[in-house]
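Structure data (PDB, C-alpha atoms) from protein-v3.pdb:
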```
ATOM      1  CA  MET A 142      46.428  81.822 100.040  1.00  0.00           C
ATOM      2  CA  LYS A 143      45.791  82.789  96.447  1.00  0.00           C
ATOM      3  CA  ARG A 144      42.462  84.081  95.285  1.00  0.00           C
ATOM      4  CA  ASN A 145      42.444  85.609  91.831  1.00  0.00           C
ATOM      5  CA  ILE A 146      39.123  87.416  91.650  1.00  0.00           C
ATOM      6  CA  ALA A 147      38.486  88.995  88.301  1.00  0.00           C
ATOM      7  CA  ILE A 148      35.567  91.001  86.992  1.00  0.00           C
ATOM      8  CA  VAL A 149      34.651  88.841  84.051  1.00  0.00           C
ATOM      9  CA  GLY A 150      33.487  90.050  80.715  1.00  0.00           C
ATOM     10  CA  GLY A 151      29.924  89.031  81.411  1.00  0.00           C
ATOM     11  CA  ILE A 152      29.096  92.501  82.671  1.00  0.00           C
ATOM     12  CA  ALA A 153      29.772  94.090  79.334  1.00  0.00           C
ATOM     13  CA  ALA A 154      28.141  91.292  77.423  1.00  0.00           C
ATOM     14  CA  GLY A 155      24.902  91.346  79.407  1.00  0.00           C
ATOM     15  CA  VAL A 156      22.604  88.431  80.066  1.00  0.00           C
ATOM     16  CA  THR A 157      19.898  86.980  77.855  1.00  0.00           C
ATOM     17  CA  ALA A 158      16.238  87.512  78.533  1.00  0.00           C
ATOM     18  CA  ILE A 159      16.053  83.958  79.896  1.00  0.00           C
ATOM     19  CA  ALA A 160      17.481  85.247  83.175  1.00  0.00           C
ATOM     20  CA  LEU A 161      14.643  87.729  83.500  1.00  0.00           C
ATOM     21  CA  ILE A 162      12.121  84.928  83.793  1.00  0.00           C
ATOM     22  CA  ALA A 163      14.253  82.781  86.051  1.00  0.00           C
ATOM     23  CA  GLY A 164      13.418  84.783  89.157  1.00  0.00           C
ATOM     24  CA  PRO A 165       9.803  83.691  89.690  1.00  0.00           C
ATOM     25  CA  ALA A 166      10.991  80.083  89.796  1.00  0.00           C
ATOM     26  CA  ILE A 167      12.804  80.847  93.042  1.00  0.00           C
ATOM     27  CA  ALA A 168      10.427  80.566  95.959  1.00  0.00           C
ATOM     28  CA  GLN A 169      10.653  80.772  99.668  1.00  0.00           C
ATOM     29  CA  GLY A 170       9.509  77.637 101.342  1.00  0.00           C
ATOM     30  CA  GLY A 171      10.467  74.243 102.564  1.00  0.00           C
ATOM     31  CA  SER A 172      10.490  72.902 106.058  1.00  0.00           C
ATOM     32  CA  GLY A 173      13.205  70.850 107.619  1.00  0.00           C
ATOM     33  CA  ASN A 174      12.762  67.689 109.620  1.00  0.00           C
ATOM     34  CA  GLY A 175      16.044  68.429 111.256  1.00  0.00           C
ATOM     35  CA  ASN A 176      18.111  67.907 114.299  1.00  0.00           C
ATOM     36  CA  GLY A 177      18.437  71.632 114.934  1.00  0.00           C
ATOM     37  CA  ARG A 178      18.350  72.972 118.470  1.00  0.00           C
ATOM     38  CA  ALA A 179      16.951  76.317 119.489  1.00  0.00           C
ATOM     39  CA  GLY A 180      19.495  79.079 119.040  1.00  0.00           C
ATOM     40  CA  ASN A 181      21.947  76.872 117.187  1.00  0.00           C
ATOM     41  CA  GLY A 182      23.054  77.834 113.832  1.00  0.00           C
ATOM     42  CA  TYR A 183      22.461  76.558 110.437  1.00  0.00           C
ATOM     43  CA  GLY A 184      20.612  73.855 108.626  1.00  0.00           C
ATOM     44  CA  VAL A 185      20.912  72.681 105.056  1.00  0.00           C
ATOM     45  CA  GLY A 186      17.714  71.289 103.615  1.00  0.00           C
ATOM     46  CA  MET A 187      17.969  68.593 100.997  1.00  0.00           C
ATOM     47  CA  MET A 188      14.975  69.098  98.773  1.00  0.00           C
ATOM     48  CA  GLN A 189      13.003  66.115  97.517  1.00  0.00           C
ATOM     49  CA  ASP A 190      12.849  67.592  94.038  1.00  0.00           C
ATOM     50  CA  THR A 191      15.941  68.562  92.071  1.00  0.00           C
ATOM     51  CA  ASP A 192      16.866  71.460  94.288  1.00  0.00           C
ATOM     52  CA  ARG A 193      18.523  72.008  97.617  1.00  0.00           C
ATOM     53  CA  GLY A 194      17.329  74.347 100.351  1.00  0.00           C
ATOM     54  CA  MET A 195      19.519  76.477 102.551  1.00  0.00           C
ATOM     55  CA  MET A 196      17.692  77.162 105.806  1.00  0.00           C
ATOM     56  CA  ASN A 197      18.100  78.521 109.262  1.00  0.00           C
ATOM     57  CA  SER A 198      17.664  75.680 111.707  1.00  0.00           C
ATOM     58  CA  SER A 199      16.160  76.178 115.128  1.00  0.00           C
ATOM     59  CA  ASP A 200      13.826  73.344 116.053  1.00  0.00           C
ATOM     60  CA  GLY A 201      14.140  71.744 112.651  1.00  0.00           C
ATOM     61  CA  GLN A 202      11.913  74.229 110.836  1.00  0.00           C
ATOM     62  CA  GLY A 203      13.495  76.468 108.271  1.00  0.00           C
ATOM     63  CA  ASN A 204      12.976  79.158 105.686  1.00  0.00           C
ATOM     64  CA  GLY A 205      14.194  77.200 102.688  1.00  0.00           C
ATOM     65  CA  MET A 206      15.368  78.762  99.478  1.00  0.00           C
ATOM     66  CA  ARG A 207      14.260  76.542  96.681  1.00  0.00           C
ATOM     67  CA  MET A 208      13.943  76.808  92.928  1.00  0.00           C
ATOM     68  CA  GLY A 209      10.926  75.209  91.404  1.00  0.00           C
ATOM     69  CA  GLY A 210       8.448  72.864  93.034  1.00  0.00           C
ATOM     70  CA  GLY A 211       7.703  72.203  96.646  1.00  0.00           C
ATOM     71  CA  GLY A 212       9.433  69.805  98.904  1.00  0.00           C
ATOM     72  CA  LYS A 213      10.430  69.128 102.462  1.00  0.00           C
ATOM     73  CA  GLY A 214      13.988  68.961 103.581  1.00  0.00           C
ATOM     74  CA  THR A 215      15.894  67.125 106.234  1.00  0.00           C
ATOM     75  CA  GLY A 216      17.717  69.699 108.307  1.00  0.00           C
ATOM     76  CA  LEU A 217      21.436  69.233 108.815  1.00  0.00           C
ATOM     77  CA  ASN A 218      22.667  71.291 111.731  1.00  0.00           C
ATOM     78  CA  ILE A 219      26.293  72.257 112.012  1.00  0.00           C
ATOM     79  CA  ASP A 220      26.284  71.078 115.612  1.00  0.00           C
ATOM     80  CA  SER A 221      25.630  67.559 114.347  1.00  0.00           C
ATOM     81  CA  LEU A 222      28.737  67.608 112.140  1.00  0.00           C
ATOM     82  CA  ALA A 223      32.130  66.529 113.372  1.00  0.00           C
ATOM     83  CA  SER A 224      34.869  69.122 113.431  1.00  0.00           C
ATOM     84  CA  GLY A 225      38.385  68.497 112.235  1.00  0.00           C
ATOM     85  CA  THR A 226      41.742  70.150 111.812  1.00  0.00           C
ATOM     86  CA  LEU A 227      42.394  73.106 109.516  1.00  0.00           C
ATOM     87  CA  THR A 228      45.734  74.338 108.246  1.00  0.00           C
ATOM     88  CA  VAL A 229      46.696  78.004 108.460  1.00  0.00           C
ATOM     89  CA  ASP A 230      45.819  78.469 104.782  1.00  0.00           C
ATOM     90  CA  GLN A 231      42.471  76.709 105.204  1.00  0.00           C
ATOM     91  CA  LYS A 232      41.600  78.980 108.104  1.00  0.00           C
ATOM     92  CA  ALA A 233      42.513  81.989 105.976  1.00  0.00           C
ATOM     93  CA  ASN A 234      40.298  80.705 103.172  1.00  0.00           C
ATOM     94  CA  LEU A 235      37.415  80.245 105.581  1.00  0.00           C
ATOM     95  CA  ALA A 236      37.804  83.816 106.831  1.00  0.00           C
ATOM     96  CA  SER A 237      37.964  85.070 103.256  1.00  0.00           C
ATOM     97  CA  MET A 238      34.755  83.183 102.443  1.00  0.00           C
ATOM     98  CA  ALA A 239      32.939  85.278 105.047  1.00  0.00           C
ATOM     99  CA  GLU A 240      33.833  88.399 103.078  1.00  0.00           C
ATOM    100  CA  GLU A 241      32.882  86.714  99.829  1.00  0.00           C
ATOM    101  CA  GLU A 242      29.429  85.734 101.081  1.00  0.00           C
ATOM    102  CA  LYS A 243      28.940  89.213 102.538  1.00  0.00           C
ATOM    103  CA  LEU A 244      29.847  90.698  99.165  1.00  0.00           C
ATOM    104  CA  ALA A 245      27.167  88.607  97.464  1.00  0.00           C
ATOM    105  CA  HIS A 246      24.573  89.611 100.042  1.00  0.00           C
ATOM    106  CA  ASP A 247      25.417  93.317 100.051  1.00  0.00           C
ATOM    107  CA  LEU A 248      25.627  93.579  96.282  1.00  0.00           C
ATOM    108  CA  TYR A 249      22.286  91.870  95.746  1.00  0.00           C
ATOM    109  CA  VAL A 250      20.628  94.113  98.331  1.00  0.00           C
ATOM    110  CA  ALA A 251      21.987  97.184  96.546  1.00  0.00           C
ATOM    111  CA  LEU A 252      20.937  95.864  93.137  1.00  0.00           C
ATOM    112  CA  ALA A 253      17.477  95.013  94.448  1.00  0.00           C
ATOM    113  CA  THR A 254      17.106  98.703  95.335  1.00  0.00           C
ATOM    114  CA  LYS A 255      18.311  99.826  91.914  1.00  0.00           C
ATOM    115  CA  PHE A 256      16.239  97.277  89.999  1.00  0.00           C
ATOM    116  CA  PRO A 257      13.189  96.361  92.116  1.00  0.00           C
ATOM    117  CA  ASP A 258      11.528  94.558  89.193  1.00  0.00           C
ATOM    118  CA  VAL A 259      14.313  91.961  89.075  1.00  0.00           C
ATOM    119  CA  GLN A 260      13.136  89.536  91.718  1.00  0.00           C
ATOM    120  CA  GLN A 261      16.312  87.464  91.793  1.00  0.00           C
ATOM    121  CA  PHE A 262      18.233  90.056  93.796  1.00  0.00           C
ATOM    122  CA  SER A 263      15.908  90.364  96.772  1.00  0.00           C
ATOM    123  CA  ARG A 264      15.281  86.632  96.996  1.00  0.00           C
ATOM    124  CA  ILE A 265      18.847  85.454  96.540  1.00  0.00           C
ATOM    125  CA  SER A 266      20.143  88.081  98.975  1.00  0.00           C
ATOM    126  CA  ARG A 267      18.128  86.316 101.678  1.00  0.00           C
ATOM    127  CA  ALA A 268      19.815  83.033 100.807  1.00  0.00           C
ATOM    128  CA  GLU A 269      23.199  84.760 101.021  1.00  0.00           C
ATOM    129  CA  THR A 270      22.347  85.787 104.581  1.00  0.00           C
ATOM    130  CA  HIS A 271      22.083  82.104 105.469  1.00  0.00           C
ATOM    131  CA  HIS A 272      25.318  81.352 103.603  1.00  0.00           C
ATOM    132  CA  LEU A 273      27.144  83.968 105.658  1.00  0.00           C
ATOM    133  CA  ASP A 274      25.586  82.662 108.870  1.00  0.00           C
ATOM    134  CA  ALA A 275      26.914  79.197 108.047  1.00  0.00           C
ATOM    135  CA  VAL A 276      30.437  80.446 107.431  1.00  0.00           C
ATOM    136  CA  ARG A 277      30.336  82.498 110.617  1.00  0.00           C
ATOM    137  CA  ALA A 278      29.245  79.457 112.594  1.00  0.00           C
ATOM    138  CA  LEU A 279      32.402  77.713 111.379  1.00  0.00           C
ATOM    139  CA  LEU A 280      34.550  80.746 112.210  1.00  0.00           C
ATOM    140  CA  THR A 281      33.208  80.625 115.749  1.00  0.00           C
ATOM    141  CA  ARG A 282      33.764  76.884 116.019  1.00  0.00           C
ATOM    142  CA  TYR A 283      37.398  77.155 114.896  1.00  0.00           C
ATOM    143  CA  ASP A 284      38.065  80.391 116.811  1.00  0.00           C
ATOM    144  CA  ILE A 285      38.863  82.350 113.650  1.00  0.00           C
ATOM    145  CA  ALA A 286      38.426  86.122 113.459  1.00  0.00           C
ATOM    146  CA  ASP A 287      35.507  87.299 111.313  1.00  0.00           C
ATOM    147  CA  PRO A 288      36.938  89.935 108.906  1.00  0.00           C
ATOM    148  CA  PRO A 289      33.678  91.764 108.034  1.00  0.00           C
ATOM    149  CA  ALA A 290      32.184  91.628 111.540  1.00  0.00           C
ATOM    150  CA  GLY A 291      30.574  94.954 112.407  1.00  0.00           C
ATOM    151  CA  LEU A 292      31.027  96.460 108.957  1.00  0.00           C
ATOM    152  CA  ALA A 293      28.138  98.211 107.238  1.00  0.00           C
ATOM    153  CA  GLU A 294      26.653  96.962 103.982  1.00  0.00           C
ATOM    154  CA  GLY A 295      29.058  97.653 101.122  1.00  0.00           C
ATOM    155  CA  GLU A 296      32.074  97.826 103.427  1.00  0.00           C
ATOM    156  CA  PHE A 297      34.799  95.159 103.495  1.00  0.00           C
ATOM    157  CA  ALA A 298      37.964  94.524 105.437  1.00  0.00           C
ATOM    158  CA  SER A 299      40.109  93.748 102.391  1.00  0.00           C
ATOM    159  CA  SER A 300      40.796  96.047  99.458  1.00  0.00           C
ATOM    160  CA  ARG A 301      40.264  93.092  97.119  1.00  0.00           C
ATOM    161  CA  PHE A 302      36.616  92.607  98.031  1.00  0.00           C
ATOM    162  CA  GLN A 303      35.995  96.333  98.402  1.00  0.00           C
ATOM    163  CA  SER A 304      37.281  96.923  94.886  1.00  0.00           C
ATOM    164  CA  LEU A 305      35.234  94.072  93.461  1.00  0.00           C
ATOM    165  CA  TYR A 306      32.046  95.272  95.146  1.00  0.00           C
ATOM    166  CA  ASP A 307      32.546  98.871  94.028  1.00  0.00           C
ATOM    167  CA  SER A 308      33.316  97.865  90.445  1.00  0.00           C
ATOM    168  CA  LEU A 309      30.362  95.492  90.113  1.00  0.00           C
ATOM    169  CA  LEU A 310      27.913  97.971  91.595  1.00  0.00           C
ATOM    170  CA  ALA A 311      29.167 100.853  89.448  1.00  0.00           C
ATOM    171  CA  GLY A 312      29.031  98.708  86.312  1.00  0.00           C
ATOM    172  CA  ALA A 313      25.437  97.570  86.917  1.00  0.00           C
ATOM    173  CA  THR A 314      23.854 100.406  84.946  1.00  0.00           C
ATOM    174  CA  THR A 315      21.131  98.288  83.320  1.00  0.00           C
ATOM    175  CA  GLN A 316      19.142  95.228  84.328  1.00  0.00           C
ATOM    176  CA  GLU A 317      21.184  93.098  81.951  1.00  0.00           C
ATOM    177  CA  LYS A 318      24.468  94.310  83.410  1.00  0.00           C
ATOM    178  CA  ALA A 319      23.145  93.878  86.943  1.00  0.00           C
ATOM    179  CA  LEU A 320      22.267  90.256  86.205  1.00  0.00           C
ATOM    180  CA  ALA A 321      25.707  89.827  84.678  1.00  0.00           C
ATOM    181  CA  ALA A 322      27.193  91.114  87.945  1.00  0.00           C
ATOM    182  CA  GLY A 323      25.313  88.328  89.702  1.00  0.00           C
ATOM    183  CA  VAL A 324      26.808  85.840  87.260  1.00  0.00           C
ATOM    184  CA  THR A 325      30.288  87.151  88.076  1.00  0.00           C
ATOM    185  CA  VAL A 326      29.737  86.834  91.833  1.00  0.00           C
ATOM    186  CA  GLU A 327      28.394  83.287  91.627  1.00  0.00           C
ATOM    187  CA  GLN A 328      31.081  82.117  89.214  1.00  0.00           C
ATOM    188  CA  THR A 329      33.726  83.530  91.536  1.00  0.00           C
ATOM    189  CA  ASP A 330      32.082  81.886  94.542  1.00  0.00           C
ATOM    190  CA  ILE A 331      31.891  78.489  92.832  1.00  0.00           C
ATOM    191  CA  ALA A 332      35.520  78.677  91.733  1.00  0.00           C
ATOM    192  CA  ASP A 333      36.745  79.689  95.195  1.00  0.00           C
ATOM    193  CA  LEU A 334      34.682  77.052  97.002  1.00  0.00           C
ATOM    194  CA  THR A 335      35.958  74.392  94.604  1.00  0.00           C
ATOM    195  CA  ALA A 336      39.543  75.465  95.222  1.00  0.00           C
ATOM    196  CA  ASP A 337      39.045  75.746  98.978  1.00  0.00           C
ATOM    197  CA  LEU A 338      37.577  72.240  99.216  1.00  0.00           C
ATOM    198  CA  LYS A 339      40.796  70.679  97.945  1.00  0.00           C
ATOM    199  CA  GLY A 340      42.679  69.048 100.771  1.00  0.00           C
ATOM    200  CA  ILE A 341      40.110  69.804 103.467  1.00  0.00           C
ATOM    201  CA  THR A 342      39.304  66.851 105.716  1.00  0.00           C
ATOM    202  CA  ALA A 343      37.214  68.596 108.400  1.00  0.00           C
ATOM    203  CA  PRO A 344      33.718  67.101 107.901  1.00  0.00           C
ATOM    204  CA  ASP A 345      31.821  70.240 108.947  1.00  0.00           C
ATOM    205  CA  VAL A 346      33.727  72.531 106.595  1.00  0.00           C
ATOM    206  CA  VAL A 347      33.466  70.070 103.710  1.00  0.00           C
ATOM    207  CA  SER A 348      29.711  69.762 104.224  1.00  0.00           C
ATOM    208  CA  VAL A 349      29.049  73.499 104.449  1.00  0.00           C
ATOM    209  CA  PHE A 350      31.303  74.407 101.517  1.00  0.00           C
ATOM    210  CA  THR A 351      29.743  71.690  99.365  1.00  0.00           C
ATOM    211  CA  HIS A 352      26.225  72.911 100.091  1.00  0.00           C
ATOM    212  CA  LEU A 353      27.215  76.539  99.556  1.00  0.00           C
ATOM    213  CA  ARG A 354      28.640  75.618  96.178  1.00  0.00           C
ATOM    214  CA  THR A 355      25.415  73.854  95.222  1.00  0.00           C
ATOM    215  CA  GLY A 356      23.472  76.924  96.272  1.00  0.00           C
ATOM    216  CA  SER A 357      25.734  79.138  94.175  1.00  0.00           C
ATOM    217  CA  GLU A 358      25.189  76.881  91.176  1.00  0.00           C
ATOM    218  CA  HIS A 359      21.440  77.411  91.515  1.00  0.00           C
ATOM    219  CA  HIS A 360      21.921  81.157  91.913  1.00  0.00           C
ATOM    220  CA  LEU A 361      24.126  81.218  88.845  1.00  0.00           C
ATOM    221  CA  ALA A 362      21.386  79.567  86.823  1.00  0.00           C
ATOM    222  CA  ALA A 363      18.822  82.054  88.139  1.00  0.00           C
ATOM    223  CA  PHE A 364      21.007  84.919  86.936  1.00  0.00           C
ATOM    224  CA  GLY A 365      21.284  83.320  83.491  1.00  0.00           C
ATOM    225  CA  GLY A 366      24.803  81.957  83.840  1.00  0.00           C
TER     226      GLY A 366
END
```
Would you mind writing the file's structure down as structure tokens?
Amino acid sequence: MKRNIAIVGGIAAGVTAIALIAGPAIAQGGSGNGNGRAGNGYGVGMMQDTDRGMMNSSDGQGNGMRMGGGGKGTGLNIDSLASGTLTVDQKANLASMAEEEKLAHDLYVALATKFPDVQQFSRISRAETHHLDAVRALLTRYDIADPPAGLAEGEFASSRFQSLYDSLLAGATTQEKALAAGVTVEQTDIADLTADLKGITAPDVVSVFTHLRTGSEHHLAAFGG
């Protein structure tokens, strides 16, 4: 498995003021008319406007992350998706994605503390919690070890993600550089999800990865990328 994660030049360059006004457009909301069952995993809400909601599914109701106007989603529960067969490399990529989603969550939580006026970090960190839950549901389904299980915020199993987290957090010395760190994380996530989707035939993994990528695209826009 190859994953070339680089800290892109966006941190040094900063982000335009447009990103600073993108945050209020992100709102909690949305309810799913889903097939979720109590205690079972993860729903993906398809918003009726131009956005998509990522939501926890229990009885079909969810806490949707949406950008822009209101809308109701149709919940898609992982339990309703067919499983498939994964290669050794695909399983490794899925395990690595758990660390990648944890990195996004943990970094945004830390940046929300450093820059409480930048609303994107606190709101998008909640969406990243749902992203990680979705990946972990797949890890459980395919009996794959969860690398960051039990680790505290800011701690990672691999030196690659630990180094990336430490570098991005240390470099976020201003609001502009913090937003640029968000751009780096989302660009990396989109690139890795795109690469990981190649050759996958398992319907559940394809569905989750596709929706996670769409979510990351919206997050990228909110950070000004």
Self-check item: Among listed residues A:Ala239, A:His360, A:Leu310, A:Leu338, nearest A:Thr254 (using only C-alpha atoms)
Solution: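 Ranked by minimum distance to A:Thr254, first place goes to A:Leu310.
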* To do: Record the distance separating atom CA of A:Pro289 and atom CA of A:Ala233, expressed in Å with one decimal.
  =>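 Taking atom CA of A:Pro289 and atom CA of A:Ala233, their separation equals 13.3 Å.
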Q: Please provide the set of residues having any atom within 9 Å of A:Glu241, restricted to all atoms listed in the file, with same-chain residues fewer than 4 positions apart removed, written as a ChimeraX atom specification.
A: /A:237,245-246,273,302,326,329-330
Students should find that atom CA of A:Thr325 and atom CA of A:Val346 are spaced 23.8 Å
### Task
Please provide as a ChimeraX atom specification all residues within 12 Å of A:Lys243, with the sequence filter that same-chain residues fewer than 5 positions apart are discarded (counting only C-alpha atoms).
/A:236-238,248-250,266-277,287-298,302-303,306,326,330
Selection export as an mmCIF file, in the coordinates of the input, atoms kept: C-alpha atoms:
```cif
data_model
loop_
_atom_site.group_PDB
_atom_site.id
_atom_site.type_symbol
_atom_site.label_atom_id
_atom_site.label_comp_id
_atom_site.auth_asym_id
_atom_site.auth_seq_id
_atom_site.Cartn_x
_atom_site.Cartn_y
_atom_site.Cartn_z
ATOM 1 C CA ALA A 236 37.804 83.816 106.831
ATOM 2 C CA SER A 237 37.964 85.070 103.256
ATOM 3 C CA MET A 238 34.755 83.183 102.443
ATOM 4 C CA LEU A 248 25.627 93.579 96.282
ATOM 5 C CA TYR A 249 22.286 91.870 95.746
ATOM 6 C CA VAL A 250 20.628 94.113 98.331
ATOM 7 C CA SER A 266 20.143 88.081 98.975
ATOM 8 C CA ARG A 267 18.128 86.316 101.678
ATOM 9 C CA ALA A 268 19.815 83.033 100.807
ATOM 10 C CA GLU A 269 23.199 84.760 101.021
ATOM 11 C CA THR A 270 22.347 85.787 104.581
ATOM 12 C CA HIS A 271 22.083 82.104 105.469
ATOM 13 C CA HIS A 272 25.318 81.352 103.603
ATOM 14 C CA LEU A 273 27.144 83.968 105.658
ATOM 15 C CA ASP A 274 25.586 82.662 108.870
ATOM 16 C CA ALA A 275 26.914 79.197 108.047
ATOM 17 C CA VAL A 276 30.437 80.446 107.431
ATOM 18 C CA ARG A 277 30.336 82.498 110.617
ATOM 19 C CA ASP A 287 35.507 87.299 111.313
ATOM 20 C CA PRO A 288 36.938 89.935 108.906
ATOM 21 C CA PRO A 289 33.678 91.764 108.034
ATOM 22 C CA ALA A 290 32.184 91.628 111.540
ATOM 23 C CA GLY A 291 30.574 94.954 112.407
ATOM 24 C CA LEU A 292 31.027 96.460 108.957
ATOM 25 C CA ALA A 293 28.138 98.211 107.238
ATOM 26 C CA GLU A 294 26.653 96.962 103.982
ATOM 27 C CA GLY A 295 29.058 97.653 101.122
ATOM 28 C CA GLU A 296 32.074 97.826 103.427
ATOM 29 C CA PHE A 297 34.799 95.159 103.495
ATOM 30 C CA ALA A 298 37.964 94.524 105.437
ATOM 31 C CA PHE A 302 36.616 92.607 98.031
ATOM 32 C CA GLN A 303 35.995 96.333 98.402
ATOM 33 C CA TYR A 306 32.046 95.272 95.146
ATOM 34 C CA VAL A 326 29.737 86.834 91.833
ATOM 35 C CA ASP A 330 32.082 81.886 94.542
#
```
**Asked** Of the candidates A:Thr342, A:His352, A:Glu358, A:Gly365, which one gets nearest to A:Gly225 if we count all atoms listed in the file?
**Response**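 Between A:Thr342, A:His352, A:Glu358, A:Gly365, the residue approaching A:Gly225 most closely is A:Thr342.
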Query - Å distance separating atom CA of A:Thr315 from atom CA of A:Leu334, one decimal place - result: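 Between atom CA of A:Thr315 and atom CA of A:Leu334 the gap works out to 28.7 Å.
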inquiry  = Show me, as an MDAnalysis selection string, the residues that have an atom within 12 Å of A:Gln328 when counting all atoms listed in the file, minus same-chain residues fewer than 2 positions from it.
reply    = chainID A and resid 146:151 241 245 321:326 330:335 354:362 364:366
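Remark: for A:Glu240, the closest of the candidate residues A:Val259, A:Ala319, A:Leu280, A:Ile265 is A:Leu280 (distances computed over all atoms listed in the file).
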- [ ] Go through A:Leu252, A:Glu317, A:Ala278, A:Arg264 one by one, measure the shortest atom-to-atom distance of each to A:Leu222 using all atoms listed in the file, and give the residue with the smallest value.
- [x]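 The answer is A:Ala278, which sits nearest to A:Leu222.
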For stretch 300-317 of chain A, I'd like the enclosing box, axis-aligned and padded by 5 Å on every side, reported as AutoDock Vina command-line options with centre and edge lengths in Å to one decimal.
```
--center_x 30.0 --center_y 96.7 --center_z 90.7 --size_x 31.7 --size_y 18.2 --size_z 27.5
```
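This file, filtered with the PyMOL selection byres ((chain A and resi 224) around 10), gives the residues Ile219, Asp220, Ser221, Leu222, Ala223, Gly225, Thr226, Leu227, Leu279, Arg282, Tyr283, Thr342, Ala343, Pro344, Asp345, Val346 and Val347 of chain A.
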